[in-house]
Amino acid sequence: MHELSLSSAIVDTVLRHAEGRRVNSVEMRIGRLRQVVPDSLTFYFEIVSRDTLAEGAGLQLQLVDGLMRCSSCANEWDPAPPPAEDEEQVMVLPQFRCPKCSEPGAEVLRGEEFEVESIIVDDVPAPAGAKS
Amino acid sequence: MHRTKVKVAEDALDANTTIANANRGDFDRDGVAVVNLMSAPGAGKTSLLEASLRDLDGPRVGVLEGDVQGSMDADRLSAMHIPVVQINTDNGFGGECHLDANMVRTALPDMDLGAIDLLVVENVGNLVCPAEFKIGEDVKAMVTSVTEGEDKPLKYPLMFRSCELVVINKIDLLPHLDFDLDKFLDNVDTVNPGVRTMLISARTGEGVEAFRDWLVGVGERAPARA
């Protein structure tokens, strides 16, 4: 349900930059610290883009690992590293407190992106009457 | 058919942020501080506001009430002679599960910003989406309750991390529950290290004074009227 609202925002952004041209694919950067489920996003994108010039466009998601910097000691770390492919999906607590000095108050450098990076469109505008 | 790659490099929620900034401009112009109050459904946002806004000494308060349907919450608060505007997300906004900047903006003309110092936006009950959509607030706060389980912060880290205050409500029920309060507070600290927490019972009034003081403090953050 959350991904439905997010997909609407993506489609609006995409169509604005498509400027009347059919969209073939959308490349996004999504930080792992956002609560986005990639499969759910792809599912809702497909629904929300129906009857628009983004219908049928492939959604490519590049997931960005988190990186935080401690405000006290400048240590940098990933608060929620994804498990390695061959590891079991066990629940690991995220680490938002600095693992080196234990102080709170760290800055997020990466991992909260929700960005449309680029789109691939047909060279020519869609015929008149096509919905945008 | 030739194709072109168009560089976009835009946050997909930029459009909402732009409107949130416009709201912010209106709030600053009229010297109003804004709290975005969030929680799961039924945690006690409205009850907490009823308990704390009664006899609030300091800022003049208005409330923007967000619900999918109905005006029950707005009715409860307007009975206390506080200016309240109800936003129903199913009235022209597709039944959204959260308030966004646009919905708040459409409600602003019905609220006399010049007559208040502090605006509390009571968001739709939801632990996921409200954290993602800025509305022009100064601060986000949330209400959890002891009936929701110790693991909630770990399940909804974005919500807990986005807030500068986490109120734990319904503490009058603790003797009847197996809720491990220390474990819950540890989990809150895991996802939002050092965040301020308050233990409250909106029903009995225990701890409500601290929330009142916090509201007064937020009211003092309002810029001088332009």
# chains A, B, ... in the order shown; residues from 1 in each chain; ligands from 1

$ closest_atom_pairs --of "chain A" --to "chain B" --cutoff "7 Å" --atoms "only C-alpha atoms" --output "tab-separated table"
residue	atom	partner	partner_atom	distance
A:His2	CA	B:Cys129	CA	5.8
A:Ala9	CA	B:Ala12	CA	5.7
A:Ile10	CA	B:Ala12	CA	5.3
A:Thr13	CA	B:Ala12	CA	6.1
A:Arg34	CA	B:Leu158	CA	7.0
A:Gln35	CA	B:Leu158	CA	6.9
A:Pro94	CA	B:Val191	CA	6.8
A:Gln95	CA	B:Thr190	CA	6.6
A:Phe96	CA	B:Val191	CA	5.9
A:Arg97	CA	B:Pro193	CA	5.8
A:Pro104	CA	B:Pro193	CA	5.0
A:Phe114	CA	B:Asp11	CA	5.6
A:Glu115	CA	B:Asp11	CA	4.2
A:Val116	CA	B:Glu10	CA	5.5
A:Glu117	CA	B:Ala9	CA	4.4
A:Ser118	CA	B:Lys7	CA	4.4
A:Ile119	CA	B:Val6	CA	5.3
A:Ile120	CA	B:Lys5	CA	4.4
A:Val121	CA	B:Thr4	CA	5.4
A:Asp122	CA	B:Arg3	CA	4.4
A:Asp123	CA	B:Arg3	CA	5.0

$ write_last_selection --atoms "N, CA and C atoms" --output "short mmCIF file (atom, residue, chain, number, x, y, z; two decimals), in the first residue's frame"
data_model
loop_
_atom_site.label_atom_id
_atom_site.label_comp_id
_atom_site.auth_asym_id
_atom_site.auth_seq_id
_atom_site.Cartn_x
_atom_site.Cartn_y
_atom_site.Cartn_z
N HIS A 2 1.90 1.21 0.77
CA HIS A 2 2.86 2.30 0.82
C HIS A 2 3.50 2.48 -0.55
N ALA A 9 4.13 8.81 -7.27
CA ALA A 9 5.11 9.90 -7.31
C ALA A 9 6.15 9.63 -8.40
N ILE A 10 6.55 8.38 -8.56
CA ILE A 10 7.54 8.02 -9.59
C ILE A 10 6.96 8.28 -10.98
N THR A 13 6.79 11.96 -11.84
CA THR A 13 8.12 12.51 -12.15
C THR A 13 8.57 12.07 -13.55
N ARG A 34 15.56 3.27 3.31
CA ARG A 34 14.14 3.58 3.09
C ARG A 34 13.37 2.28 3.29
N GLN A 35 12.12 2.35 3.61
CA GLN A 35 11.35 1.12 3.78
C GLN A 35 10.62 0.81 2.48
N PRO A 94 19.65 -3.17 13.41
CA PRO A 94 20.41 -2.10 12.77
C PRO A 94 21.27 -1.39 13.82
N GLN A 95 22.32 -0.79 13.35
CA GLN A 95 23.28 -0.16 14.26
C GLN A 95 23.34 1.33 13.94
N PHE A 96 22.48 2.14 14.59
CA PHE A 96 22.47 3.57 14.30
C PHE A 96 23.32 4.37 15.28
N ARG A 97 23.71 3.73 16.37
CA ARG A 97 24.64 4.37 17.31
C ARG A 97 26.04 4.04 16.84
N PRO A 104 25.31 8.83 20.13
CA PRO A 104 24.22 8.99 19.16
C PRO A 104 24.56 10.16 18.25
N PHE A 114 15.71 8.19 -2.91
CA PHE A 114 14.51 7.70 -3.58
C PHE A 114 14.43 8.49 -4.89
N GLU A 115 15.39 8.21 -5.74
CA GLU A 115 15.65 9.10 -6.86
C GLU A 115 15.40 8.44 -8.20
N VAL A 116 14.72 9.17 -9.09
CA VAL A 116 14.67 8.74 -10.48
C VAL A 116 15.96 9.23 -11.11
N GLU A 117 16.84 8.32 -11.48
CA GLU A 117 18.15 8.70 -12.00
C GLU A 117 18.04 9.11 -13.47
N SER A 118 17.37 8.26 -14.27
CA SER A 118 17.24 8.56 -15.70
C SER A 118 16.08 7.77 -16.25
N ILE A 119 15.66 8.16 -17.45
CA ILE A 119 14.63 7.39 -18.15
C ILE A 119 15.09 7.22 -19.59
N ILE A 120 14.62 6.15 -20.24
CA ILE A 120 14.89 5.97 -21.67
C ILE A 120 13.57 6.12 -22.39
N VAL A 121 13.55 7.06 -23.36
CA VAL A 121 12.29 7.37 -24.06
C VAL A 121 12.49 7.21 -25.56
N ASP A 122 11.37 7.04 -26.27
CA ASP A 122 11.42 7.07 -27.74
C ASP A 122 11.87 8.46 -28.17
N ASP A 123 12.55 8.53 -29.30
CA ASP A 123 13.06 9.82 -29.77
C ASP A 123 11.97 10.81 -30.13
#

$ select_by_dssp --residues "range 22-120 of chain B" --states "alpha helix (DSSP H)" --output "VMD selection string"
chain B and resid 22 to 29 45 to 53 72 to 78 101 to 107

$ residues_around --residues "Ile30 in chain A" --least-positions-apart "6" --cutoff "6 Å" --atoms "only C-alpha atoms" --output "ChimeraX atom specification"
/A:63-64,113-114

$ residues_around --residues "Glu65 in chain B" --least-positions-apart "6" --cutoff "12 Å" --atoms "only C-alpha atoms" --output "ChimeraX atom specification"
/B:35-38,45-46,49,71-78,82-89,98-99,103-104,107-108,111,119-125

$ write_last_selection --atoms "N, CA, C and O atoms" --output "tab-separated table (two decimals), in the first residue's frame"
chain	number	residue	atom	x	y	z
B	35	VAL	N	3.62	20.91	14.47
B	35	VAL	CA	3.96	19.55	14.88
B	35	VAL	C	3.21	18.56	14.00
B	35	VAL	O	1.99	18.69	13.84
B	36	ASN	N	3.91	17.58	13.46
B	36	ASN	CA	3.28	16.50	12.71
B	36	ASN	C	3.20	15.31	13.67
B	36	ASN	O	4.23	14.71	14.01
B	37	LEU	N	2.01	15.02	14.17
B	37	LEU	CA	1.82	13.98	15.19
B	37	LEU	C	1.33	12.69	14.54
B	37	LEU	O	0.28	12.66	13.90
B	38	MET	N	2.11	11.61	14.70
B	38	MET	CA	1.83	10.36	13.99
B	38	MET	C	1.74	9.20	14.97
B	38	MET	O	2.23	9.30	16.11
B	45	LYS	N	-3.52	9.35	19.86
B	45	LYS	CA	-3.17	10.75	19.48
B	45	LYS	C	-4.25	11.72	19.93
B	45	LYS	O	-3.97	12.74	20.56
B	46	THR	N	-5.50	11.42	19.59
B	46	THR	CA	-6.59	12.35	19.89
B	46	THR	C	-6.78	12.45	21.39
B	46	THR	O	-6.97	13.56	21.92
B	49	LEU	N	-4.16	14.65	22.80
B	49	LEU	CA	-4.43	16.06	22.52
B	49	LEU	C	-5.56	16.58	23.41
B	49	LEU	O	-5.49	17.68	23.96
B	71	SER	N	-15.52	12.71	10.96
B	71	SER	CA	-15.05	13.90	11.68
B	71	SER	C	-15.07	13.66	13.18
B	71	SER	O	-15.07	14.61	13.97
B	72	MET	N	-15.05	12.40	13.61
B	72	MET	CA	-15.16	12.11	15.04
B	72	MET	C	-14.06	12.78	15.85
B	72	MET	O	-14.30	13.35	16.90
B	73	ASP	N	-12.81	12.68	15.32
B	73	ASP	CA	-11.69	13.25	16.07
B	73	ASP	C	-11.79	14.77	16.12
B	73	ASP	O	-11.55	15.38	17.15
B	74	ALA	N	-12.14	15.37	14.98
B	74	ALA	CA	-12.28	16.84	14.95
B	74	ALA	C	-13.39	17.28	15.90
B	74	ALA	O	-13.25	18.28	16.60
B	75	ASP	N	-14.48	16.52	15.95
B	75	ASP	CA	-15.60	16.88	16.83
B	75	ASP	C	-15.16	16.86	18.29
B	75	ASP	O	-15.51	17.74	19.07
B	76	ARG	N	-14.37	15.85	18.65
B	76	ARG	CA	-13.90	15.76	20.04
B	76	ARG	C	-13.07	16.99	20.41
B	76	ARG	O	-13.20	17.54	21.49
B	77	LEU	N	-12.22	17.42	19.49
B	77	LEU	CA	-11.32	18.53	19.81
B	77	LEU	C	-12.03	19.87	19.72
B	77	LEU	O	-11.77	20.77	20.51
B	78	SER	N	-12.94	20.03	18.78
B	78	SER	CA	-13.60	21.34	18.67
B	78	SER	C	-14.55	21.57	19.84
B	78	SER	O	-14.85	22.71	20.17
B	82	ILE	N	-11.13	24.71	20.49
B	82	ILE	CA	-9.86	24.88	19.78
B	82	ILE	C	-10.21	24.93	18.30
B	82	ILE	O	-11.05	24.14	17.86
B	83	PRO	N	-9.61	25.83	17.54
B	83	PRO	CA	-9.88	25.81	16.09
B	83	PRO	C	-9.40	24.49	15.48
B	83	PRO	O	-8.24	24.10	15.66
B	84	VAL	N	-10.32	23.77	14.85
B	84	VAL	CA	-9.99	22.47	14.27
B	84	VAL	C	-10.49	22.43	12.83
B	84	VAL	O	-11.61	22.85	12.55
B	85	VAL	N	-9.66	21.90	11.94
B	85	VAL	CA	-10.09	21.66	10.56
B	85	VAL	C	-9.90	20.18	10.29
B	85	VAL	O	-8.84	19.62	10.57
B	86	GLN	N	-10.92	19.53	9.76
B	86	GLN	CA	-10.83	18.10	9.44
B	86	GLN	C	-10.48	17.93	7.97
B	86	GLN	O	-11.10	18.55	7.10
B	87	ILE	N	-9.48	17.09	7.70
B	87	ILE	CA	-9.18	16.69	6.32
B	87	ILE	C	-9.54	15.22	6.20
B	87	ILE	O	-9.08	14.40	6.98
B	88	ASN	N	-10.41	14.88	5.24
B	88	ASN	CA	-10.71	13.47	4.97
B	88	ASN	C	-10.01	13.07	3.68
B	88	ASN	O	-10.25	13.64	2.62
B	89	THR	N	-9.14	12.08	3.77
B	89	THR	CA	-8.36	11.73	2.59
B	89	THR	C	-9.20	11.05	1.52
B	89	THR	O	-8.78	10.95	0.38
B	98	HIS	N	-2.29	8.51	4.46
B	98	HIS	CA	-1.42	9.46	5.14
B	98	HIS	C	-1.78	10.86	4.62
B	98	HIS	O	-2.43	10.99	3.58
B	99	LEU	N	-1.35	11.87	5.35
B	99	LEU	CA	-1.49	13.24	4.84
B	99	LEU	C	-0.25	13.59	4.04
B	99	LEU	O	0.86	13.21	4.43
B	103	MET	N	-2.57	17.90	0.58
B	103	MET	CA	-3.79	17.82	1.37
B	103	MET	C	-3.78	18.88	2.46
B	103	MET	O	-4.79	19.54	2.73
B	104	VAL	N	-2.62	19.04	3.11
B	104	VAL	CA	-2.53	20.05	4.18
B	104	VAL	C	-2.74	21.44	3.58
B	104	VAL	O	-3.46	22.28	4.13
B	107	ALA	N	-6.24	22.53	3.08
B	107	ALA	CA	-6.99	22.80	4.32
B	107	ALA	C	-6.59	24.14	4.95
B	107	ALA	O	-7.32	24.66	5.80
B	108	LEU	N	-5.44	24.69	4.57
B	108	LEU	CA	-4.94	25.89	5.24
B	108	LEU	C	-5.88	27.10	5.17
B	108	LEU	O	-6.00	27.83	6.16
B	111	MET	N	-8.08	27.48	8.14
B	111	MET	CA	-7.48	27.68	9.47
B	111	MET	C	-6.94	29.10	9.52
B	111	MET	O	-6.17	29.49	8.64
B	119	LEU	N	0.43	24.86	15.51
B	119	LEU	CA	-0.50	24.01	14.76
B	119	LEU	C	-0.10	22.56	14.96
B	119	LEU	O	1.04	22.19	14.67
B	120	VAL	N	-1.03	21.76	15.47
B	120	VAL	CA	-0.76	20.32	15.58
B	120	VAL	C	-1.50	19.63	14.43
B	120	VAL	O	-2.72	19.78	14.29
B	121	VAL	N	-0.75	18.92	13.60
B	121	VAL	CA	-1.37	18.17	12.52
B	121	VAL	C	-1.46	16.72	13.00
B	121	VAL	O	-0.43	16.05	13.18
B	122	GLU	N	-2.67	16.27	13.28
B	122	GLU	CA	-2.84	14.89	13.72
B	122	GLU	C	-3.00	14.04	12.46
B	122	GLU	O	-4.02	14.08	11.78
B	123	ASN	N	-1.95	13.27	12.14
B	123	ASN	CA	-1.89	12.54	10.88
B	123	ASN	C	-2.81	11.31	10.92
B	123	ASN	O	-3.33	10.94	12.00
B	124	VAL	N	-3.00	10.69	9.79
B	124	VAL	CA	-3.79	9.45	9.71
B	124	VAL	C	-3.04	8.36	10.47
B	124	VAL	O	-1.82	8.28	10.40
B	125	GLY	N	-3.74	7.52	11.19
B	125	GLY	CA	-3.11	6.43	11.93
B	125	GLY	C	-2.41	5.46	10.99
B	125	GLY	O	-3.06	4.77	10.21

$ residues_around --residues "Thr52 in chain A" --least-positions-apart "4" --cutoff "12 Å" --atoms "only C-alpha atoms" --output "list in words"
Ser8, Val11, Asp12, Val14, Leu15, Arg16, Ala18, Gly20, Arg21, Arg22, Val23, Asn24, Phe45, Glu46, Ile47, Val48, Gly56, Ala57, Ala126, Gly129, Ala130, Lys131 and Ser132 of chain A

$ write_last_selection --atoms "N, CA and C atoms" --output "PDB file, in the first residue's frame"
ATOM      1  N   SER A   8       3.015   6.285  -7.552  1.00  0.00           N
ATOM      2  CA  SER A   8       2.355   7.456  -8.161  1.00  0.00           C
ATOM      3  C   SER A   8       3.334   8.596  -8.316  1.00  0.00           C
ATOM      4  N   VAL A  11       5.736   7.802 -11.213  1.00  0.00           N
ATOM      5  CA  VAL A  11       5.117   7.960 -12.531  1.00  0.00           C
ATOM      6  C   VAL A  11       4.955   9.443 -12.873  1.00  0.00           C
ATOM      7  N   ASP A  12       4.534  10.250 -11.901  1.00  0.00           N
ATOM      8  CA  ASP A  12       4.397  11.697 -12.153  1.00  0.00           C
ATOM      9  C   ASP A  12       5.726  12.309 -12.571  1.00  0.00           C
ATOM     10  N   VAL A  14       8.368  10.786 -13.841  1.00  0.00           N
ATOM     11  CA  VAL A  14       8.785  10.220 -15.125  1.00  0.00           C
ATOM     12  C   VAL A  14       8.061  10.895 -16.289  1.00  0.00           C
ATOM     13  N   LEU A  15       6.741  11.046 -16.169  1.00  0.00           N
ATOM     14  CA  LEU A  15       5.962  11.619 -17.269  1.00  0.00           C
ATOM     15  C   LEU A  15       6.337  13.074 -17.518  1.00  0.00           C
ATOM     16  N   ARG A  16       6.648  13.777 -16.448  1.00  0.00           N
ATOM     17  CA  ARG A  16       7.048  15.182 -16.592  1.00  0.00           C
ATOM     18  C   ARG A  16       8.329  15.283 -17.423  1.00  0.00           C
ATOM     19  N   ALA A  18       9.403  12.948 -19.482  1.00  0.00           N
ATOM     20  CA  ALA A  18       9.232  12.298 -20.783  1.00  0.00           C
ATOM     21  C   ALA A  18       8.723  13.278 -21.833  1.00  0.00           C
ATOM     22  N   GLY A  20       5.896  13.993 -23.281  1.00  0.00           N
ATOM     23  CA  GLY A  20       5.074  13.513 -24.389  1.00  0.00           C
ATOM     24  C   GLY A  20       5.658  12.345 -25.166  1.00  0.00           C
ATOM     25  N   ARG A  21       6.816  11.820 -24.751  1.00  0.00           N
ATOM     26  CA  ARG A  21       7.421  10.676 -25.438  1.00  0.00           C
ATOM     27  C   ARG A  21       7.160   9.393 -24.646  1.00  0.00           C
ATOM     28  N   ARG A  22       7.048   8.256 -25.381  1.00  0.00           N
ATOM     29  CA  ARG A  22       6.816   6.972 -24.717  1.00  0.00           C
ATOM     30  C   ARG A  22       8.050   6.561 -23.922  1.00  0.00           C
ATOM     31  N   VAL A  23       7.821   6.066 -22.717  1.00  0.00           N
ATOM     32  CA  VAL A  23       8.918   5.694 -21.815  1.00  0.00           C
ATOM     33  C   VAL A  23       9.183   4.198 -21.927  1.00  0.00           C
ATOM     34  N   ASN A  24      10.448   3.828 -22.142  1.00  0.00           N
ATOM     35  CA  ASN A  24      10.808   2.414 -22.259  1.00  0.00           C
ATOM     36  C   ASN A  24      11.338   1.827 -20.967  1.00  0.00           C
ATOM     37  N   PHE A  45       4.078  -0.021  -9.608  1.00  0.00           N
ATOM     38  CA  PHE A  45       4.465   0.829 -10.731  1.00  0.00           C
ATOM     39  C   PHE A  45       3.736   0.364 -11.992  1.00  0.00           C
ATOM     40  N   GLU A  46       3.680  -0.953 -12.160  1.00  0.00           N
ATOM     41  CA  GLU A  46       3.029  -1.517 -13.332  1.00  0.00           C
ATOM     42  C   GLU A  46       1.546  -1.127 -13.355  1.00  0.00           C
ATOM     43  N   ILE A  47       0.910  -1.118 -12.197  1.00  0.00           N
ATOM     44  CA  ILE A  47      -0.505  -0.765 -12.116  1.00  0.00           C
ATOM     45  C   ILE A  47      -0.717   0.732 -12.349  1.00  0.00           C
ATOM     46  N   VAL A  48       0.083   1.541 -11.680  1.00  0.00           N
ATOM     47  CA  VAL A  48      -0.123   2.991 -11.732  1.00  0.00           C
ATOM     48  C   VAL A  48       0.218   3.555 -13.121  1.00  0.00           C
ATOM     49  N   GLY A  56       4.192  -0.227 -19.416  1.00  0.00           N
ATOM     50  CA  GLY A  56       5.104  -1.202 -20.000  1.00  0.00           C
ATOM     51  C   GLY A  56       6.577  -0.885 -19.803  1.00  0.00           C
ATOM     52  N   ALA A  57       6.884   0.278 -19.220  1.00  0.00           N
ATOM     53  CA  ALA A  57       8.291   0.626 -19.013  1.00  0.00           C
ATOM     54  C   ALA A  57       8.902  -0.285 -17.963  1.00  0.00           C
ATOM     55  N   ALA A 126       4.963  10.787 -28.749  1.00  0.00           N
ATOM     56  CA  ALA A 126       3.898   9.826 -29.054  1.00  0.00           C
ATOM     57  C   ALA A 126       2.850  10.515 -29.915  1.00  0.00           C
ATOM     58  N   GLY A 129      -3.266  12.135 -29.195  1.00  0.00           N
ATOM     59  CA  GLY A 129      -4.322  11.251 -28.715  1.00  0.00           C
ATOM     60  C   GLY A 129      -3.803  10.245 -27.719  1.00  0.00           C
ATOM     61  N   ALA A 130      -2.465  10.018 -27.749  1.00  0.00           N
ATOM     62  CA  ALA A 130      -1.895   9.108 -26.734  1.00  0.00           C
ATOM     63  C   ALA A 130      -1.962   9.825 -25.388  1.00  0.00           C
ATOM     64  N   LYS A 131      -2.275   9.088 -24.316  1.00  0.00           N
ATOM     65  CA  LYS A 131      -2.395   9.735 -22.998  1.00  0.00           C
ATOM     66  C   LYS A 131      -1.017  10.009 -22.426  1.00  0.00           C
ATOM     67  N   SER A 132      -0.872  11.156 -21.766  1.00  0.00           N
ATOM     68  CA  SER A 132       0.437  11.432 -21.122  1.00  0.00           C
ATOM     69  C   SER A 132       0.296  11.431 -19.610  1.00  0.00           C
TER      70      SER A 132
END

$ closest_residue --among "A:Ser7, A:Ser40, A:Ser25, A:Ser102" --to "Ala74 in chain A" --atoms "only C-alpha atoms"
A:Ser102

$ closest_residue --among "B:Ile135, B:Met142, B:Val216, B:Ala202" --to "Arg105 in chain B" --atoms "only C-alpha atoms"
B:Ile135

$ select_by_dssp --residues "range 23-172 of chain B" --states "strand (DSSP E)" --output "ChimeraX atom specification"
/B:33-39,61-67,84-88,118-122,139-145,165-169

$ write_last_selection --atoms "C-alpha atoms" --output "short mmCIF file (atom, residue, chain, number, x, y, z; two decimals), in the first residue's frame"
data_model
loop_
_atom_site.label_atom_id
_atom_site.label_comp_id
_atom_site.auth_asym_id
_atom_site.auth_seq_id
_atom_site.Cartn_x
_atom_site.Cartn_y
_atom_site.Cartn_z
CA ALA B 33 5.17 26.39 14.72
CA VAL B 34 3.93 23.05 13.40
CA VAL B 35 3.96 19.55 14.88
CA ASN B 36 3.28 16.50 12.71
CA LEU B 37 1.82 13.98 15.19
CA MET B 38 1.83 10.36 13.99
CA SER B 39 1.07 6.90 15.35
CA VAL B 61 -3.23 26.07 19.38
CA GLY B 62 -5.03 24.95 16.24
CA VAL B 63 -5.42 21.37 15.01
CA LEU B 64 -5.52 19.92 11.51
CA GLU B 65 -7.18 16.54 11.84
CA GLY B 66 -6.37 13.88 9.23
CA ASP B 67 -8.54 10.78 8.82
CA VAL B 84 -9.99 22.47 14.27
CA VAL B 85 -10.09 21.66 10.56
CA GLN B 86 -10.83 18.10 9.44
CA ILE B 87 -9.18 16.69 6.32
CA ASN B 88 -10.71 13.47 4.97
CA LEU B 118 1.11 26.35 17.28
CA LEU B 119 -0.50 24.01 14.76
CA VAL B 120 -0.76 20.32 15.58
CA VAL B 121 -1.37 18.17 12.52
CA GLU B 122 -2.84 14.89 13.72
CA VAL B 139 8.97 18.72 14.11
CA LYS B 140 7.63 15.17 13.94
CA ALA B 141 6.46 13.35 17.05
CA MET B 142 4.84 9.97 17.48
CA VAL B 143 2.65 8.15 19.96
CA THR B 144 3.11 4.46 20.59
CA SER B 145 1.22 2.46 23.19
CA LEU B 165 9.81 12.70 20.50
CA VAL B 166 8.35 9.23 21.09
CA VAL B 167 5.42 9.21 23.53
CA ILE B 168 4.61 5.85 25.10
CA ASN B 169 0.91 5.93 26.00
#

$ closest_residue --among "B:Ala40, B:Pro175, B:Ala222, B:Ala115" --to "Lys152 in chain B" --atoms "only C-alpha atoms"
B:Ala40

$ residues_around --residues "Asp78 in chain A" --least-positions-apart "6" --cutoff "7 Å" --atoms "only C-alpha atoms" --output "JSON, numbers by chain"
{"A": [66, 67, 68]}

$ atom_distance --atom1 "CA of Glu27 in chain A" --atom2 "CA of Gln60 in chain A"
4.7 Å
